[in-house]
$ cat protein_13.pdb   # PDB, C-alpha atoms
ATOM      1  CA  MET A 906     132.905 131.979 150.076  1.00  0.00           C
ATOM      2  CA  THR A 907     135.227 132.571 147.154  1.00  0.00           C
ATOM      3  CA  MET A 908     133.676 132.810 143.715  1.00  0.00           C
ATOM      4  CA  THR A 909     135.064 130.120 141.445  1.00  0.00           C
ATOM      5  CA  ARG A 910     135.147 130.119 137.668  1.00  0.00           C
ATOM      6  CA  ARG A 911     132.059 127.888 137.668  1.00  0.00           C
ATOM      7  CA  HIS A 912     130.171 130.435 139.798  1.00  0.00           C
ATOM      8  CA  TRP A 913     130.996 133.274 137.386  1.00  0.00           C
ATOM      9  CA  ILE A 914     130.082 131.093 134.396  1.00  0.00           C
ATOM     10  CA  ALA A 915     126.740 130.237 136.004  1.00  0.00           C
ATOM     11  CA  LEU A 916     126.017 133.943 136.614  1.00  0.00           C
ATOM     12  CA  ALA A 917     126.941 134.945 133.064  1.00  0.00           C
ATOM     13  CA  ALA A 918     125.021 132.131 131.379  1.00  0.00           C
ATOM     14  CA  GLY A 919     122.104 132.651 133.755  1.00  0.00           C
ATOM     15  CA  GLY A 920     121.991 136.289 132.672  1.00  0.00           C
ATOM     16  CA  SER A 921     121.640 135.217 129.051  1.00  0.00           C
ATOM     17  CA  VAL A 922     118.907 132.767 130.035  1.00  0.00           C
ATOM     18  CA  LEU A 923     117.108 135.636 131.792  1.00  0.00           C
ATOM     19  CA  LEU A 924     117.451 137.967 128.788  1.00  0.00           C
ATOM     20  CA  LEU A 925     116.115 135.294 126.434  1.00  0.00           C
ATOM     21  CA  ALA A 926     113.227 134.569 128.810  1.00  0.00           C
ATOM     22  CA  LEU A 927     112.389 138.278 128.966  1.00  0.00           C
ATOM     23  CA  ALA A 928     112.522 138.593 125.178  1.00  0.00           C
ATOM     24  CA  LEU A 929     110.238 135.580 124.775  1.00  0.00           C
ATOM     25  CA  GLY A 930     107.936 136.942 127.472  1.00  0.00           C
ATOM     26  CA  PHE A 931     107.634 140.273 125.661  1.00  0.00           C
ATOM     27  CA  GLN A 932     106.946 138.341 122.464  1.00  0.00           C
ATOM     28  CA  TYR A 933     104.487 135.686 123.615  1.00  0.00           C
ATOM     29  CA  LEU A 934     102.918 137.255 126.699  1.00  0.00           C
ATOM     30  CA  GLY A 935     103.218 140.928 125.807  1.00  0.00           C
ATOM     31  CA  GLY A 936     102.386 140.570 122.119  1.00  0.00           C
ATOM     32  CA  LEU A 937     105.482 142.460 120.923  1.00  0.00           C
ATOM     33  CA  ALA A 938     106.655 140.596 117.839  1.00  0.00           C
ATOM     34  CA  PRO A 939     110.428 140.878 117.302  1.00  0.00           C
ATOM     35  CA  CYS A 940     111.973 142.490 114.256  1.00  0.00           C
ATOM     36  CA  LYS A 941     114.829 140.929 112.319  1.00  0.00           C
ATOM     37  CA  LEU A 942     117.474 142.778 114.372  1.00  0.00           C
ATOM     38  CA  CYS A 943     115.817 141.713 117.637  1.00  0.00           C
ATOM     39  CA  LEU A 944     116.087 138.099 116.542  1.00  0.00           C
ATOM     40  CA  TRP A 945     119.742 138.565 115.575  1.00  0.00           C
ATOM     41  CA  GLN A 946     120.495 139.787 119.098  1.00  0.00           C
ATOM     42  CA  ARG A 947     119.063 136.589 120.595  1.00  0.00           C
ATOM     43  CA  TRP A 948     121.379 134.159 118.810  1.00  0.00           C
ATOM     44  CA  PRO A 949     124.573 135.158 120.663  1.00  0.00           C
ATOM     45  CA  HIS A 950     122.749 134.780 123.973  1.00  0.00           C
ATOM     46  CA  GLY A 951     121.784 131.264 122.900  1.00  0.00           C
ATOM     47  CA  LEU A 952     125.464 130.548 122.254  1.00  0.00           C
ATOM     48  CA  ALA A 953     126.341 131.997 125.675  1.00  0.00           C
ATOM     49  CA  VAL A 954     123.846 129.623 127.307  1.00  0.00           C
ATOM     50  CA  VAL A 955     125.446 126.675 125.495  1.00  0.00           C
ATOM     51  CA  MET A 956     128.890 127.904 126.585  1.00  0.00           C
ATOM     52  CA  GLY A 957     127.570 128.160 130.133  1.00  0.00           C
ATOM     53  CA  ALA A 958     126.426 124.550 130.113  1.00  0.00           C
ATOM     54  CA  LEU A 959     129.763 123.489 128.646  1.00  0.00           C
ATOM     55  CA  GLY A 960     131.650 125.684 131.098  1.00  0.00           C
ATOM     56  CA  LEU A 961     129.939 124.190 134.132  1.00  0.00           C
ATOM     57  CA  ALA A 962     131.145 120.755 133.032  1.00  0.00           C
ATOM     58  CA  TRP A 963     134.471 121.919 131.605  1.00  0.00           C
ATOM     59  CA  PRO A 964     135.421 125.326 133.085  1.00  0.00           C
ATOM     60  CA  ARG A 965     138.194 126.255 130.657  1.00  0.00           C
ATOM     61  CA  LEU A 966     139.465 129.692 129.724  1.00  0.00           C
ATOM     62  CA  GLU A 967     138.478 129.145 126.100  1.00  0.00           C
ATOM     63  CA  VAL A 968     134.844 128.573 127.065  1.00  0.00           C
ATOM     64  CA  CYS A 969     134.825 131.841 129.020  1.00  0.00           C
ATOM     65  CA  LEU A 970     136.323 133.756 126.115  1.00  0.00           C
ATOM     66  CA  VAL A 971     133.722 132.401 123.673  1.00  0.00           C
ATOM     67  CA  GLY A 972     130.984 133.320 126.172  1.00  0.00           C
ATOM     68  CA  ALA A 973     132.392 136.853 126.454  1.00  0.00           C
ATOM     69  CA  LEU A 974     132.619 137.142 122.667  1.00  0.00           C
ATOM     70  CA  ALA A 975     128.981 136.018 122.360  1.00  0.00           C
ATOM     71  CA  ALA A 976     127.854 138.663 124.858  1.00  0.00           C
ATOM     72  CA  LEU A 977     129.909 141.332 123.079  1.00  0.00           C
ATOM     73  CA  THR A 978     128.419 140.269 119.741  1.00  0.00           C
ATOM     74  CA  SER A 979     124.900 140.753 121.093  1.00  0.00           C
ATOM     75  CA  ALA A 980     125.947 144.136 122.501  1.00  0.00           C
ATOM     76  CA  GLY A 981     127.340 145.145 119.101  1.00  0.00           C
ATOM     77  CA  LEU A 982     124.145 144.100 117.360  1.00  0.00           C
ATOM     78  CA  GLY A 983     122.213 146.058 119.982  1.00  0.00           C
ATOM     79  CA  VAL A 984     124.285 149.174 119.270  1.00  0.00           C
ATOM     80  CA  TYR A 985     123.573 148.754 115.562  1.00  0.00           C
ATOM     81  CA  HIS A 986     119.851 148.260 116.249  1.00  0.00           C
ATOM     82  CA  THR A 987     119.736 151.290 118.564  1.00  0.00           C
ATOM     83  CA  GLY A 988     121.335 153.384 115.826  1.00  0.00           C
ATOM     84  CA  VAL A 989     118.729 152.180 113.337  1.00  0.00           C
ATOM     85  CA  GLU A 990     115.930 153.013 115.777  1.00  0.00           C
ATOM     86  CA  ARG A 991     117.308 156.508 116.402  1.00  0.00           C
ATOM     87  CA  GLY A 992     117.955 157.182 112.711  1.00  0.00           C
ATOM     88  CA  TRP A 993     121.732 157.419 113.134  1.00  0.00           C
ATOM     89  CA  TRP A 994     122.281 155.027 110.207  1.00  0.00           C
ATOM     90  CA  PRO A 995     120.124 152.969 107.861  1.00  0.00           C
ATOM     91  CA  GLY A 996     118.977 149.502 108.798  1.00  0.00           C
ATOM     92  CA  PRO A 997     118.249 146.453 106.676  1.00  0.00           C
ATOM     93  CA  ALA A 998     116.091 147.421 103.685  1.00  0.00           C
ATOM     94  CA  ALA A 999     113.585 144.658 104.435  1.00  0.00           C
ATOM     95  CA  CYS A1000     112.625 146.074 107.828  1.00  0.00           C
ATOM     96  CA  SER A1001     113.474 149.760 108.025  1.00  0.00           C
ATOM     97  CA  GLY A1002     113.009 153.076 106.269  1.00  0.00           C
ATOM     98  CA  ASP A1003     110.378 152.900 103.568  1.00  0.00           C
ATOM     99  CA  GLY A1004     110.641 149.122 103.479  1.00  0.00           C
ATOM    100  CA  ALA A1005     112.267 149.050 100.036  1.00  0.00           C
ATOM    101  CA  GLY A1006     113.045 145.383 100.584  1.00  0.00           C
ATOM    102  CA  LEU A1007     109.308 144.733 100.683  1.00  0.00           C
ATOM    103  CA  SER A1008     108.703 145.965  97.147  1.00  0.00           C
ATOM    104  CA  GLY A1009     108.677 142.461  95.665  1.00  0.00           C
ATOM    105  CA  LEU A1010     105.811 141.337  97.883  1.00  0.00           C
ATOM    106  CA  SER A1011     102.249 141.253  96.683  1.00  0.00           C
ATOM    107  CA  GLY A1012      99.394 142.999  98.466  1.00  0.00           C
ATOM    108  CA  ALA A1013      98.282 139.621  99.805  1.00  0.00           C
ATOM    109  CA  ASP A1014     101.772 138.983 101.201  1.00  0.00           C
ATOM    110  CA  LEU A1015     101.792 142.355 102.907  1.00  0.00           C
ATOM    111  CA  LEU A1016      98.392 141.727 104.482  1.00  0.00           C
ATOM    112  CA  SER A1017      99.944 138.705 106.169  1.00  0.00           C
ATOM    113  CA  PRO A1018      97.625 135.783 105.455  1.00  0.00           C
ATOM    114  CA  GLU A1019      96.877 133.381 108.268  1.00  0.00           C
ATOM    115  CA  GLY A1020     100.024 131.581 109.377  1.00  0.00           C
ATOM    116  CA  ALA A1021     102.425 134.158 107.971  1.00  0.00           C
ATOM    117  CA  ALA A1022     104.284 136.482 110.320  1.00  0.00           C
ATOM    118  CA  PRO A1023     103.772 140.210 109.808  1.00  0.00           C
ATOM    119  CA  VAL A1024     106.777 142.353 108.942  1.00  0.00           C
ATOM    120  CA  VAL A1025     107.979 144.145 112.055  1.00  0.00           C
ATOM    121  CA  MET A1026     109.922 147.310 111.289  1.00  0.00           C
ATOM    122  CA  CYS A1027     113.440 147.504 112.769  1.00  0.00           C
ATOM    123  CA  ASP A1028     113.450 151.307 112.970  1.00  0.00           C
ATOM    124  CA  GLU A1029     110.377 151.577 115.211  1.00  0.00           C
ATOM    125  CA  VAL A1030     110.505 151.366 119.009  1.00  0.00           C
ATOM    126  CA  PRO A1031     107.496 149.415 120.310  1.00  0.00           C
ATOM    127  CA  TRP A1032     108.544 149.647 123.991  1.00  0.00           C
ATOM    128  CA  SER A1033     110.960 151.735 126.021  1.00  0.00           C
ATOM    129  CA  LEU A1034     111.886 152.323 129.639  1.00  0.00           C
ATOM    130  CA  LEU A1035     113.643 155.477 130.828  1.00  0.00           C
ATOM    131  CA  GLY A1036     114.071 156.536 127.205  1.00  0.00           C
ATOM    132  CA  LEU A1037     115.892 153.336 126.217  1.00  0.00           C
ATOM    133  CA  SER A1038     114.511 150.732 123.840  1.00  0.00           C
ATOM    134  CA  MET A1039     114.842 146.993 124.340  1.00  0.00           C
ATOM    135  CA  ALA A1040     117.832 147.038 121.981  1.00  0.00           C
ATOM    136  CA  SER A1041     119.527 149.679 124.143  1.00  0.00           C
ATOM    137  CA  TRP A1042     118.806 147.711 127.322  1.00  0.00           C
ATOM    138  CA  ASN A1043     120.257 144.638 125.618  1.00  0.00           C
ATOM    139  CA  VAL A1044     123.488 146.574 125.000  1.00  0.00           C
ATOM    140  CA  LEU A1045     123.827 147.424 128.692  1.00  0.00           C
ATOM    141  CA  ALA A1046     122.920 143.930 129.887  1.00  0.00           C
ATOM    142  CA  SER A1047     125.174 142.246 127.319  1.00  0.00           C
ATOM    143  CA  LEU A1048     128.147 144.411 128.320  1.00  0.00           C
ATOM    144  CA  ALA A1049     127.542 143.471 131.958  1.00  0.00           C
ATOM    145  CA  LEU A1050     127.397 139.794 130.981  1.00  0.00           C
ATOM    146  CA  ALA A1051     130.633 140.135 129.005  1.00  0.00           C
ATOM    147  CA  GLY A1052     132.160 141.487 132.218  1.00  0.00           C
ATOM    148  CA  LEU A1053     130.942 138.418 134.102  1.00  0.00           C
ATOM    149  CA  TRP A1054     132.442 136.150 131.444  1.00  0.00           C
ATOM    150  CA  MET A1055     135.750 138.014 131.734  1.00  0.00           C
ATOM    151  CA  ALA A1056     135.623 137.664 135.525  1.00  0.00           C
ATOM    152  CA  ALA A1057     135.187 133.917 134.961  1.00  0.00           C
ATOM    153  CA  ALA A1058     138.155 133.925 132.593  1.00  0.00           C
ATOM    154  CA  ARG A1059     140.359 135.530 135.271  1.00  0.00           C
ATOM    155  CA  ARG A1060     139.600 132.762 137.791  1.00  0.00           C
ATOM    156  CA  ARG A1061     141.502 129.537 138.031  1.00  0.00           C
TER
END

$ encode --input "protein_13.pdb" --output "structure tokens"
Amino acid sequence: MTMTRRHWIALAAGGSVLLLALALGFQYLGGLAPCKLCLWQRWPHGLAVVMGALGLAWPRLEVCLVGALAALTSAGLGVYHTGVERGWWPGPAACSGDGAGLSGLSGADLLSPEGAAPVVMCDEVPWSLLGLSMASWNVLASLALAGLWMAAARRR
């Protein structure tokens, strides 16, 4: 069987669905609340899923290129997040370093009253596998998905 553009689109979009499901599983089943940068990495995968649905109905080159760009965007955000985690560069002030962006909050705000989400630091690694954080694994997976999107783009 020859892989068509629709097949490649389904694989690429399905990969983003899987990554989002894993992220939500870690969050809601594993109790690992996401930081701001983790959440940023999810949005491009959401766009890739939308592009996948569009691409299955309308398998155009442009759809594949937007899907690839979405995957590459998530990979880029993952590289940035990995650098923040490893101390290669500073992260957003509100969620990394000494939390300077938190200075305007009151003690009550920082204690996270019922209903308010706690601040999750972007420069801390709550989980890793083989020495790589979730952000680093997202980079690798997102680059692979970008490759699938580009394979879809090469098909007629």

$ resolve_selection --input "protein_13.pdb" --expression "the PyMOL selection byres ((chain A and resi 978) around 10)" --output "PyMOL selection string"
chain A and resi 945-946+948-950+972-977+979-984+1044+1047-1048+1051

$ write_last_selection --input "protein_13.pdb" --atoms "C-alpha atoms" --output "PDB file, keeping the file's coordinate frame"
ATOM      1  CA  TRP A 945     119.742 138.565 115.575  1.00  0.00           C
ATOM      2  CA  GLN A 946     120.495 139.787 119.098  1.00  0.00           C
ATOM      3  CA  TRP A 948     121.379 134.159 118.810  1.00  0.00           C
ATOM      4  CA  PRO A 949     124.573 135.158 120.663  1.00  0.00           C
ATOM      5  CA  HIS A 950     122.749 134.780 123.973  1.00  0.00           C
ATOM      6  CA  GLY A 972     130.984 133.320 126.172  1.00  0.00           C
ATOM      7  CA  ALA A 973     132.392 136.853 126.454  1.00  0.00           C
ATOM      8  CA  LEU A 974     132.619 137.142 122.667  1.00  0.00           C
ATOM      9  CA  ALA A 975     128.981 136.018 122.360  1.00  0.00           C
ATOM     10  CA  ALA A 976     127.854 138.663 124.858  1.00  0.00           C
ATOM     11  CA  LEU A 977     129.909 141.332 123.079  1.00  0.00           C
ATOM     12  CA  SER A 979     124.900 140.753 121.093  1.00  0.00           C
ATOM     13  CA  ALA A 980     125.947 144.136 122.501  1.00  0.00           C
ATOM     14  CA  GLY A 981     127.340 145.145 119.101  1.00  0.00           C
ATOM     15  CA  LEU A 982     124.145 144.100 117.360  1.00  0.00           C
ATOM     16  CA  GLY A 983     122.213 146.058 119.982  1.00  0.00           C
ATOM     17  CA  VAL A 984     124.285 149.174 119.270  1.00  0.00           C
ATOM     18  CA  VAL A1044     123.488 146.574 125.000  1.00  0.00           C
ATOM     19  CA  SER A1047     125.174 142.246 127.319  1.00  0.00           C
ATOM     20  CA  LEU A1048     128.147 144.411 128.320  1.00  0.00           C
ATOM     21  CA  ALA A1051     130.633 140.135 129.005  1.00  0.00           C
TER      22      ALA A1051
END

$ resolve_selection --input "protein_13.pdb" --expression "the PyMOL selection byres ((chain A and resi 986) around 10)" --output "PDB file with C-alpha atoms, in the coordinates of the input"
ATOM      1  CA  CYS A 940     111.973 142.490 114.256  1.00  0.00           C
ATOM      2  CA  LYS A 941     114.829 140.929 112.319  1.00  0.00           C
ATOM      3  CA  LEU A 942     117.474 142.778 114.372  1.00  0.00           C
ATOM      4  CA  CYS A 943     115.817 141.713 117.637  1.00  0.00           C
ATOM      5  CA  TRP A 945     119.742 138.565 115.575  1.00  0.00           C
ATOM      6  CA  GLN A 946     120.495 139.787 119.098  1.00  0.00           C
ATOM      7  CA  ALA A 980     125.947 144.136 122.501  1.00  0.00           C
ATOM      8  CA  GLY A 981     127.340 145.145 119.101  1.00  0.00           C
ATOM      9  CA  LEU A 982     124.145 144.100 117.360  1.00  0.00           C
ATOM     10  CA  GLY A 983     122.213 146.058 119.982  1.00  0.00           C
ATOM     11  CA  VAL A 984     124.285 149.174 119.270  1.00  0.00           C
ATOM     12  CA  TYR A 985     123.573 148.754 115.562  1.00  0.00           C
ATOM     13  CA  THR A 987     119.736 151.290 118.564  1.00  0.00           C
ATOM     14  CA  GLY A 988     121.335 153.384 115.826  1.00  0.00           C
ATOM     15  CA  VAL A 989     118.729 152.180 113.337  1.00  0.00           C
ATOM     16  CA  GLU A 990     115.930 153.013 115.777  1.00  0.00           C
ATOM     17  CA  ARG A 991     117.308 156.508 116.402  1.00  0.00           C
ATOM     18  CA  GLY A 992     117.955 157.182 112.711  1.00  0.00           C
ATOM     19  CA  TRP A 993     121.732 157.419 113.134  1.00  0.00           C
ATOM     20  CA  TRP A 994     122.281 155.027 110.207  1.00  0.00           C
ATOM     21  CA  PRO A 995     120.124 152.969 107.861  1.00  0.00           C
ATOM     22  CA  GLY A 996     118.977 149.502 108.798  1.00  0.00           C
ATOM     23  CA  PRO A 997     118.249 146.453 106.676  1.00  0.00           C
ATOM     24  CA  CYS A1027     113.440 147.504 112.769  1.00  0.00           C
ATOM     25  CA  ASP A1028     113.450 151.307 112.970  1.00  0.00           C
ATOM     26  CA  SER A1038     114.511 150.732 123.840  1.00  0.00           C
ATOM     27  CA  MET A1039     114.842 146.993 124.340  1.00  0.00           C
ATOM     28  CA  ALA A1040     117.832 147.038 121.981  1.00  0.00           C
ATOM     29  CA  SER A1041     119.527 149.679 124.143  1.00  0.00           C
ATOM     30  CA  VAL A1044     123.488 146.574 125.000  1.00  0.00           C
TER      31      VAL A1044
END

$ residues_around --input "protein_13.pdb" --residues "Gly960 of chain A" --least-positions-apart "4" --cutoff "9 Å" --atoms "all atoms listed in the file" --output "ChimeraX atom specification"
/A:910-911,914-915,955-956,964-966,968-969

$ closest_residue --input "protein_13.pdb" --among "A:Ser1033, A:Leu934, A:Leu970, A:Leu1045" --to "Ala1057 of chain A" --atoms "only C-alpha atoms"
A:Leu970

$ axis_aligned_box --input "protein_13.pdb" --around "segment 931-940 of chain A" --padding-each-side "8 Å" --output "JSON"
{"center_x": 107.2, "center_y": 139.1, "center_z": 120.5, "size_x": 25.6, "size_y": 22.8, "size_z": 28.4}

$ atom_distance --input "protein_13.pdb" --atom1 "atom CA of Gly957 of chain A" --atom2 "atom CA of Ala918 of chain A"
4.9 Å

$ atom_distance --input "protein_13.pdb" --atom1 "atom CA of Ala953 of chain A" --atom2 "atom CA of Tyr933 of chain A"
22.3 Å

$ atom_distance --input "protein_13.pdb" --atom1 "atom CA of Gly951 of chain A" --atom2 "atom CA of Ser921 of chain A"
7.3 Å

$ closest_residue --input "protein_13.pdb" --among "A:Ala999, A:Ala958, A:Leu1034, A:Asn1043" --to "Leu927 of chain A" --atoms "all atoms listed in the file"
A:Asn1043

$ build_atoms --input "protein_13.pdb" --residues "segment 1046-1059 of chain A" --atoms "N, CA and C atoms" --output "tab-separated table (two decimals), in the frame of the given file"
chain	number	residue	atom	x	y	z
A	1046	ALA	N	122.90	145.25	129.25
A	1046	ALA	CA	122.92	143.93	129.89
A	1046	ALA	C	124.01	143.04	129.29
A	1047	SER	N	124.17	143.09	127.97
A	1047	SER	CA	125.17	142.25	127.32
A	1047	SER	C	126.59	142.66	127.71
A	1048	LEU	N	126.82	143.96	127.86
A	1048	LEU	CA	128.15	144.41	128.32
A	1048	LEU	C	128.41	143.94	129.75
A	1049	ALA	N	127.39	143.98	130.59
A	1049	ALA	CA	127.54	143.47	131.96
A	1049	ALA	C	127.84	141.97	131.94
A	1050	LEU	N	127.15	141.23	131.08
A	1050	LEU	CA	127.40	139.79	130.98
A	1050	LEU	C	128.79	139.50	130.44
A	1051	ALA	N	129.25	140.31	129.50
A	1051	ALA	CA	130.63	140.14	129.00
A	1051	ALA	C	131.62	140.33	130.16
A	1052	GLY	N	131.32	141.29	131.04
A	1052	GLY	CA	132.16	141.49	132.22
A	1052	GLY	C	132.17	140.27	133.12
A	1053	LEU	N	131.01	139.64	133.30
A	1053	LEU	CA	130.94	138.42	134.10
A	1053	LEU	C	131.75	137.29	133.46
A	1054	TRP	N	131.64	137.17	132.15
A	1054	TRP	CA	132.44	136.15	131.44
A	1054	TRP	C	133.93	136.42	131.62
A	1055	MET	N	134.32	137.69	131.56
A	1055	MET	CA	135.75	138.01	131.73
A	1055	MET	C	136.19	137.77	133.18
A	1056	ALA	N	135.31	138.00	134.14
A	1056	ALA	CA	135.62	137.66	135.52
A	1056	ALA	C	135.83	136.15	135.66
A	1057	ALA	N	135.02	135.38	134.96
A	1057	ALA	CA	135.19	133.92	134.96
A	1057	ALA	C	136.52	133.56	134.35
A	1058	ALA	N	136.89	134.24	133.28
A	1058	ALA	CA	138.16	133.93	132.59
A	1058	ALA	C	139.35	134.20	133.50
A	1059	ARG	N	139.24	135.18	134.39
A	1059	ARG	CA	140.36	135.53	135.27
A	1059	ARG	C	140.53	134.54	136.43
